[in-house]
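Asker: So that we are looking at the same thing, I have put the structure below in structure tokens.
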Amino acid sequence: MLDMQHVTKVYRTDLVETHALRDFNLEVAEGEFVAVTGPSGSGKTTFLNIAGLLESADGGHYRLDGDDIGTLGDDARARIRNQKIGFIFQGFNLIPDLDVFDNVDVPLRYRGFAARERRSRIERSLELVGLAARMQHLPSQLSGGQQQRVAIARAIAGEPRFLLADEPTGNLDSLMARQIMDLLGEINRQGTTIILVTHDPELARRAHRNIHVMDGQVTDLKPFAARSGAAVA
Amino acid sequence: MLGYYLRLAWLSLKRTPAITLLMIGAIALGIGATTTTLTVYHRMSTNPIAHRNDVLRAVTLDSWSPDRPWDSDRPELPPPELTYRDAVAIAAGAPASRIVAMRKTSFTADPGAGRPPFLVEARLATRDFFAMFDVPFAYGTGWGGRADQNAEPVVVLSKETNGKLFGGENSVGRALKLDGREYRVIGVLADWQPTPKFYDLNNGEYDTPEDVFLPFALGAALDLQPAGNVNCWKAETLAGVHDLFGSNCVWHQLWAELRTPAEVQRFQGWIDGYVAEQQKLGRFPRKINNRLYDVDQWLERHKVVGRDSRVLLIVSFAFLAVCVLNVVGLLLSRFLGGAGSSAIRRALGASRGEIFRQHLVEVGLVGALAGLGGLALGALGLKALEQLYSSYDRLTHLDLAMVLAAIALAVLAGLLAGLYPAWRICRVQPASYLKTQ
């Protein structure tokens, strides 16, 4: 489903050339829950940005759900992000001017759904994250955990095939982090492929397998024992 | 998506009210200046009878001095007015669908019932005046050929004069004393304010039409004084008004309605022949130079839109451009300040085009709001012009076309100001903003 072969990414400034990814190879099957771990600066976020089509690779091949991403233009990539990928960020990345309902509505607007369909999806996803009663609240009126749940509702409202989560519990206390991980586990059980970037080994153990990234390369593809109860891919 | 973009624009504008007001104020200032000058220009340059432009012709003959042209800057031009005898001869004999000879005079009107008399400006015209110039009547009609022939004492009142004399009632059949002589009211005009006053640009191009209208023949029958320009080139003894009628002075306007090119050609041939005959009699010492002008050409010949007005218009647009440039800077900082939200939208599937359009709608809204502000400022500017220059009072009315033009111009100014900032914001790489959100 996700297939990266020999992917490279280099950031250049006038003085420095940083190899964020080098000969990066990874395959993720449909329905997997994959944790990506590694130290700071190892290339985890770059991998996630390329996987999520937020950045382009400099070399190698990347296929997502049958599409050769390297050949796609900006509009086509935006369409794939909108229809197939859900994002959950460490900093929540909610739009501060919009209330909860409108934040969840954002990707659905670009999807072109009719008003009734959008409303139904928004209500369903907010119910799933337990925030149906907070639709009219602004992000600033919510706790960190609630904001992250809104972000998850936004990510799943369009029923994407992939969920890419970048340190989704990084700004949360341990209790809230557990709740968020439970939620992600539930979403995965319903069939959504999840790639979770984290530096927390405890969280990574809840995934089906752990990919360790070091210096821009996959150094370890380790299946976990079935602590989460899920099958190993 | 337009409704959605408008809602986002409104939320965005509310978020930073100070910058929003600054942007609206900057564009509104520019729009206010352009609305003021554009309104005056528009009123000056509009052909008030454009729908008859093709058939109406101002008639001119070069009856001027053999020693110098009428206008030394434009020596090819004949005088814009005619002598009495030429106006009468052409009106009586030239082949035209309609023709009108006319001039200005004035009277003292006696409203009766102990009210004080007042001065009225009058136009003496042959009967076709009303039909040729589409003059609307509220009551009654104009006069017929018999009134022209017999110099009948009949009068048509303007709407304002009828209001002043008869309280706006239907006064047809009532008597009116002008210079102590009684006239019978046969018609009252509806509202009629052609601007510029195309049919007589020699006597106050932006003046209101005359207060009363009477048969042309009354002028000669009663030796009525001219009230407009009288221009003479020949040393002649002019002891009184009566002498003017036989003089070479020009003081009459002549218009013909010529409906086809053949009719124009026939008319031109007739007046050229007329002048040739007159030359045999020792008149018209200059080369034959008889010109017919349609209304547009007539306005152009009289330079109704002055050079100052054109310069002022250009300056006001330059000012608007400066305002727009200032807004570009404000928009750029504002949009880049909100780049995080755009990056989130991009990550969630918005294309560059959608981000671009969203921001253009926002600047369009700024422009529309600035348009309303600019209209208010423009109205103030026009009021100030009216106070400063009394002759501008008919040029300073904002009509619907100008209101719409001002708002359209403001929206366009907003869009122009927003093009570059919107383009910049739609090019942001979402990844570089999302980590720092």
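Chain labels A, B, ... are given in the sequence in which chains occur in the structure tokens; within each chain residues are numbered consecutively from 1, and ligands are likewise numbered from 1 in the order shown.
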I'd like to know which residues of stretch 40-103 of chain B are alpha helix (DSSP H) (by DSSP, run on the backbone); could you write them as a PDB file with C-alpha atoms, in the first residue's frame?

Answerer:
```pdb
ATOM      1  CA  VAL B  40     -17.359  65.122 -12.461  1.00  0.00           C
ATOM      2  CA  TYR B  41     -15.631  63.694 -15.523  1.00  0.00           C
ATOM      3  CA  HIS B  42     -18.485  61.277 -16.194  1.00  0.00           C
ATOM      4  CA  ARG B  43     -21.089  64.040 -15.936  1.00  0.00           C
ATOM      5  CA  MET B  44     -19.000  66.335 -18.113  1.00  0.00           C
ATOM      6  CA  SER B  45     -18.308  63.819 -20.815  1.00  0.00           C
ATOM      7  CA  TYR B  84     -30.219  85.718 -37.458  1.00  0.00           C
ATOM      8  CA  ARG B  85     -30.870  85.840 -41.164  1.00  0.00           C
ATOM      9  CA  ASP B  86     -28.892  82.666 -41.906  1.00  0.00           C
ATOM     10  CA  ALA B  87     -30.599  80.774 -39.087  1.00  0.00           C
ATOM     11  CA  VAL B  88     -34.007  81.862 -40.356  1.00  0.00           C
ATOM     12  CA  ALA B  89     -33.226  81.143 -43.994  1.00  0.00           C
ATOM     13  CA  ILE B  90     -31.860  77.674 -43.355  1.00  0.00           C
ATOM     14  CA  ALA B  91     -34.645  76.800 -40.897  1.00  0.00           C
ATOM     15  CA  ALA B  92     -37.182  77.840 -43.509  1.00  0.00           C
ATOM     16  CA  GLY B  93     -35.671  76.256 -46.588  1.00  0.00           C
TER      17      GLY B  93
END
```

Asker: Output as a PyMOL selection string all residues of stretch 156-405 of chain B that backbone DSSP marks as strand (DSSP E).

Answerer: chain B and resi 156-157+175-178+181-189+212-215+253-257+291-293

Asker: Quick one: write out the picked residues with N, CA and C atoms as a PDB file, in the first residue's frame?

Answerer:
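Output contents, as saved in again.pdb:
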```pdb
ATOM      1  N   VAL B 156     -44.045  77.573 -22.838  1.00  0.00           N
ATOM      2  CA  VAL B 156     -43.879  76.277 -22.164  1.00  0.00           C
ATOM      3  C   VAL B 156     -42.987  76.524 -20.952  1.00  0.00           C
ATOM      4  N   LEU B 157     -43.394  76.005 -19.807  1.00  0.00           N
ATOM      5  CA  LEU B 157     -42.644  76.253 -18.570  1.00  0.00           C
ATOM      6  C   LEU B 157     -41.793  75.033 -18.210  1.00  0.00           C
ATOM      7  N   ALA B 175     -52.589  82.006 -17.617  1.00  0.00           N
ATOM      8  CA  ALA B 175     -51.880  83.151 -18.200  1.00  0.00           C
ATOM      9  C   ALA B 175     -50.640  83.465 -17.373  1.00  0.00           C
ATOM     10  N   LEU B 176     -49.622  83.931 -18.078  1.00  0.00           N
ATOM     11  CA  LEU B 176     -48.383  84.304 -17.387  1.00  0.00           C
ATOM     12  C   LEU B 176     -47.892  85.618 -17.982  1.00  0.00           C
ATOM     13  N   LYS B 177     -47.539  86.548 -17.109  1.00  0.00           N
ATOM     14  CA  LYS B 177     -47.041  87.834 -17.599  1.00  0.00           C
ATOM     15  C   LYS B 177     -45.530  87.837 -17.607  1.00  0.00           C
ATOM     16  N   LEU B 178     -44.982  88.090 -18.823  1.00  0.00           N
ATOM     17  CA  LEU B 178     -43.537  88.197 -18.980  1.00  0.00           C
ATOM     18  C   LEU B 178     -43.248  89.571 -19.552  1.00  0.00           C
ATOM     19  N   ARG B 181     -46.236  91.513 -20.654  1.00  0.00           N
ATOM     20  CA  ARG B 181     -47.082  91.002 -21.733  1.00  0.00           C
ATOM     21  C   ARG B 181     -47.636  89.632 -21.320  1.00  0.00           C
ATOM     22  N   GLU B 182     -48.881  89.364 -21.692  1.00  0.00           N
ATOM     23  CA  GLU B 182     -49.505  88.121 -21.248  1.00  0.00           C
ATOM     24  C   GLU B 182     -49.255  86.980 -22.246  1.00  0.00           C
ATOM     25  N   TYR B 183     -48.904  85.855 -21.701  1.00  0.00           N
ATOM     26  CA  TYR B 183     -48.675  84.655 -22.509  1.00  0.00           C
ATOM     27  C   TYR B 183     -49.547  83.534 -21.948  1.00  0.00           C
ATOM     28  N   ARG B 184     -49.960  82.633 -22.827  1.00  0.00           N
ATOM     29  CA  ARG B 184     -50.784  81.500 -22.401  1.00  0.00           C
ATOM     30  C   ARG B 184     -49.898  80.259 -22.260  1.00  0.00           C
ATOM     31  N   VAL B 185     -50.001  79.616 -21.123  1.00  0.00           N
ATOM     32  CA  VAL B 185     -49.213  78.407 -20.883  1.00  0.00           C
ATOM     33  C   VAL B 185     -49.829  77.265 -21.700  1.00  0.00           C
ATOM     34  N   ILE B 186     -49.008  76.646 -22.559  1.00  0.00           N
ATOM     35  CA  ILE B 186     -49.531  75.511 -23.344  1.00  0.00           C
ATOM     36  C   ILE B 186     -48.849  74.196 -22.976  1.00  0.00           C
ATOM     37  N   GLY B 187     -47.792  74.281 -22.180  1.00  0.00           N
ATOM     38  CA  GLY B 187     -47.108  73.037 -21.802  1.00  0.00           C
ATOM     39  C   GLY B 187     -46.225  73.248 -20.582  1.00  0.00           C
ATOM     40  N   VAL B 188     -46.028  72.155 -19.863  1.00  0.00           N
ATOM     41  CA  VAL B 188     -45.115  72.161 -18.709  1.00  0.00           C
ATOM     42  C   VAL B 188     -44.205  70.944 -18.856  1.00  0.00           C
ATOM     43  N   LEU B 189     -42.900  71.198 -18.752  1.00  0.00           N
ATOM     44  CA  LEU B 189     -41.958  70.082 -18.921  1.00  0.00           C
ATOM     45  C   LEU B 189     -41.922  69.197 -17.679  1.00  0.00           C
ATOM     46  N   VAL B 212     -38.247  79.171 -19.295  1.00  0.00           N
ATOM     47  CA  VAL B 212     -39.435  79.191 -20.154  1.00  0.00           C
ATOM     48  C   VAL B 212     -38.997  79.067 -21.617  1.00  0.00           C
ATOM     49  N   PHE B 213     -39.905  78.570 -22.431  1.00  0.00           N
ATOM     50  CA  PHE B 213     -39.630  78.363 -23.864  1.00  0.00           C
ATOM     51  C   PHE B 213     -40.764  79.002 -24.664  1.00  0.00           C
ATOM     52  N   LEU B 214     -40.377  79.788 -25.691  1.00  0.00           N
ATOM     53  CA  LEU B 214     -41.392  80.507 -26.464  1.00  0.00           C
ATOM     54  C   LEU B 214     -41.082  80.386 -27.958  1.00  0.00           C
ATOM     55  N   PRO B 215     -42.087  80.648 -28.800  1.00  0.00           N
ATOM     56  CA  PRO B 215     -41.852  80.586 -30.250  1.00  0.00           C
ATOM     57  C   PRO B 215     -40.756  81.553 -30.690  1.00  0.00           C
ATOM     58  N   GLN B 253     -28.364  79.525 -32.503  1.00  0.00           N
ATOM     59  CA  GLN B 253     -27.974  78.122 -32.646  1.00  0.00           C
ATOM     60  C   GLN B 253     -28.936  77.466 -33.646  1.00  0.00           C
ATOM     61  N   LEU B 254     -28.398  76.542 -34.411  1.00  0.00           N
ATOM     62  CA  LEU B 254     -29.229  75.850 -35.395  1.00  0.00           C
ATOM     63  C   LEU B 254     -28.908  74.354 -35.362  1.00  0.00           C
ATOM     64  N   TRP B 255     -29.938  73.555 -35.223  1.00  0.00           N
ATOM     65  CA  TRP B 255     -29.778  72.094 -35.224  1.00  0.00           C
ATOM     66  C   TRP B 255     -30.719  71.497 -36.264  1.00  0.00           C
ATOM     67  N   ALA B 256     -30.244  70.434 -36.918  1.00  0.00           N
ATOM     68  CA  ALA B 256     -31.100  69.738 -37.882  1.00  0.00           C
ATOM     69  C   ALA B 256     -31.173  68.267 -37.505  1.00  0.00           C
ATOM     70  N   GLU B 257     -32.324  67.664 -37.778  1.00  0.00           N
ATOM     71  CA  GLU B 257     -32.444  66.212 -37.595  1.00  0.00           C
ATOM     72  C   GLU B 257     -32.369  65.579 -38.973  1.00  0.00           C
ATOM     73  N   ARG B 291     -19.980  73.214 -41.624  1.00  0.00           N
ATOM     74  CA  ARG B 291     -19.751  71.913 -40.974  1.00  0.00           C
ATOM     75  C   ARG B 291     -20.966  71.485 -40.166  1.00  0.00           C
ATOM     76  N   LEU B 292     -21.213  70.173 -40.208  1.00  0.00           N
ATOM     77  CA  LEU B 292     -22.279  69.571 -39.408  1.00  0.00           C
ATOM     78  C   LEU B 292     -21.617  68.678 -38.352  1.00  0.00           C
ATOM     79  N   TYR B 293     -22.099  68.761 -37.148  1.00  0.00           N
ATOM     80  CA  TYR B 293     -21.520  67.968 -36.058  1.00  0.00           C
ATOM     81  C   TYR B 293     -22.613  67.117 -35.411  1.00  0.00           C
TER      82      TYR B 293
END
```

Asker: Skip A:Ile80 itself and residues of its chain fewer than 6 positions away, then list as a list of chain:residue names all residues within 10 Å of it, counting only C-alpha atoms.

Answerer: A:Gly52, A:Leu53, A:Leu64, A:Asp65, A:Asp67, A:Ile69, A:Leu72, A:Asp74, A:Pro160, B:Leu348, B:Gly349

Asker: Provide as a list in words the residues of chain B at most 8 Å from chain A, counting only C-alpha atoms.

Answerer: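 The complete set of qualifying residues is Met1, Leu11, Ser12, Arg15, Ser341, Ile344, Arg345, Arg346, Ala347, Leu348, Gly349, Ala350, Ser351, Arg352, Gln429, Pro430, Ala431, Leu434, Lys435, Thr436 and Gln437 of chain B.
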
Asker: Mind checking which residues fall within 7 Å of stretch 24-38 of chain B, counting only C-alpha atoms, ignoring those fewer than 5 positions away in the same chain, and posting them as JSON, numbers by chain?

Answerer: {"B": [312, 313, 316, 317, 319, 320, 323, 324, 327, 366, 367, 369, 370, 371, 373, 374, 375, 377, 378, 381, 382, 406, 410]}

Asker: I need the residues from that last selection saved to file as a short mmCIF file (atom, residue, chain, number, x, y, z; two decimals), in the first residue's frame (with N, CA and C atoms), if you can.

Answerer:
```cif
data_model
loop_
_atom_site.label_atom_id
_atom_site.label_comp_id
_atom_site.auth_asym_id
_atom_site.auth_seq_id
_atom_site.Cartn_x
_atom_site.Cartn_y
_atom_site.Cartn_z
N LEU B 312 -6.77 65.92 -13.62
CA LEU B 312 -7.22 65.61 -12.26
C LEU B 312 -7.62 64.14 -12.15
N LEU B 313 -8.25 63.65 -13.20
CA LEU B 313 -8.67 62.24 -13.20
C LEU B 313 -7.45 61.32 -13.15
N SER B 316 -5.92 61.41 -9.74
CA SER B 316 -6.68 60.66 -8.74
C SER B 316 -6.44 59.15 -8.90
N PHE B 317 -6.29 58.70 -10.15
CA PHE B 317 -6.01 57.27 -10.34
C PHE B 317 -4.59 56.94 -9.86
N PHE B 319 -3.17 58.40 -7.40
CA PHE B 319 -3.30 58.37 -5.95
C PHE B 319 -3.86 57.02 -5.50
N LEU B 320 -4.84 56.54 -6.25
CA LEU B 320 -5.43 55.23 -5.94
C LEU B 320 -4.36 54.14 -6.05
N CYS B 323 -2.28 54.16 -3.01
CA CYS B 323 -3.03 53.53 -1.91
C CYS B 323 -2.98 52.01 -2.04
N VAL B 324 -3.18 51.54 -3.28
CA VAL B 324 -3.17 50.09 -3.51
C VAL B 324 -1.81 49.50 -3.17
N VAL B 327 -1.45 49.04 0.40
CA VAL B 327 -2.25 47.90 0.88
C VAL B 327 -1.55 46.58 0.56
N VAL B 366 -12.48 43.17 1.28
CA VAL B 366 -11.85 44.42 1.73
C VAL B 366 -12.16 45.53 0.73
N GLY B 367 -12.02 45.19 -0.55
CA GLY B 367 -12.30 46.18 -1.60
C GLY B 367 -13.73 46.65 -1.58
N LEU B 369 -15.84 46.66 0.97
CA LEU B 369 -16.06 47.52 2.14
C LEU B 369 -15.41 48.89 1.92
N ALA B 370 -14.21 48.84 1.30
CA ALA B 370 -13.53 50.11 1.00
C ALA B 370 -14.34 50.92 -0.01
N GLY B 371 -15.03 50.22 -0.90
CA GLY B 371 -15.86 50.90 -1.89
C GLY B 371 -16.96 51.69 -1.21
N GLY B 373 -16.87 52.80 1.88
CA GLY B 373 -16.20 53.93 2.54
C GLY B 373 -15.81 55.00 1.53
N GLY B 374 -15.31 54.52 0.38
CA GLY B 374 -14.88 55.46 -0.66
C GLY B 374 -16.04 56.26 -1.20
N LEU B 375 -17.21 55.62 -1.29
CA LEU B 375 -18.40 56.35 -1.77
C LEU B 375 -18.75 57.47 -0.80
N LEU B 377 -16.66 58.99 1.20
CA LEU B 377 -15.64 60.04 1.05
C LEU B 377 -15.86 60.80 -0.26
N GLY B 378 -16.22 60.06 -1.31
CA GLY B 378 -16.47 60.69 -2.61
C GLY B 378 -17.63 61.67 -2.52
N GLY B 381 -16.37 64.68 -0.96
CA GLY B 381 -15.55 65.42 -1.91
C GLY B 381 -16.41 66.20 -2.89
N LEU B 382 -17.48 65.58 -3.36
CA LEU B 382 -18.37 66.24 -4.32
C LEU B 382 -19.09 67.41 -3.65
N ALA B 406 -17.86 52.81 -8.66
CA ALA B 406 -16.96 53.02 -7.52
C ALA B 406 -16.74 51.70 -6.77
N ALA B 410 -13.32 49.64 -6.52
CA ALA B 410 -12.74 49.31 -5.21
C ALA B 410 -12.44 47.82 -5.12
#
```

Asker: Using only C-alpha atoms, can you tell me which of A:Glu202, A:Leu196, A:Gly191, A:Ala157 comes closest to A:Arg178?

Answerer: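 The answer is A:Glu202, which sits nearest to A:Arg178.
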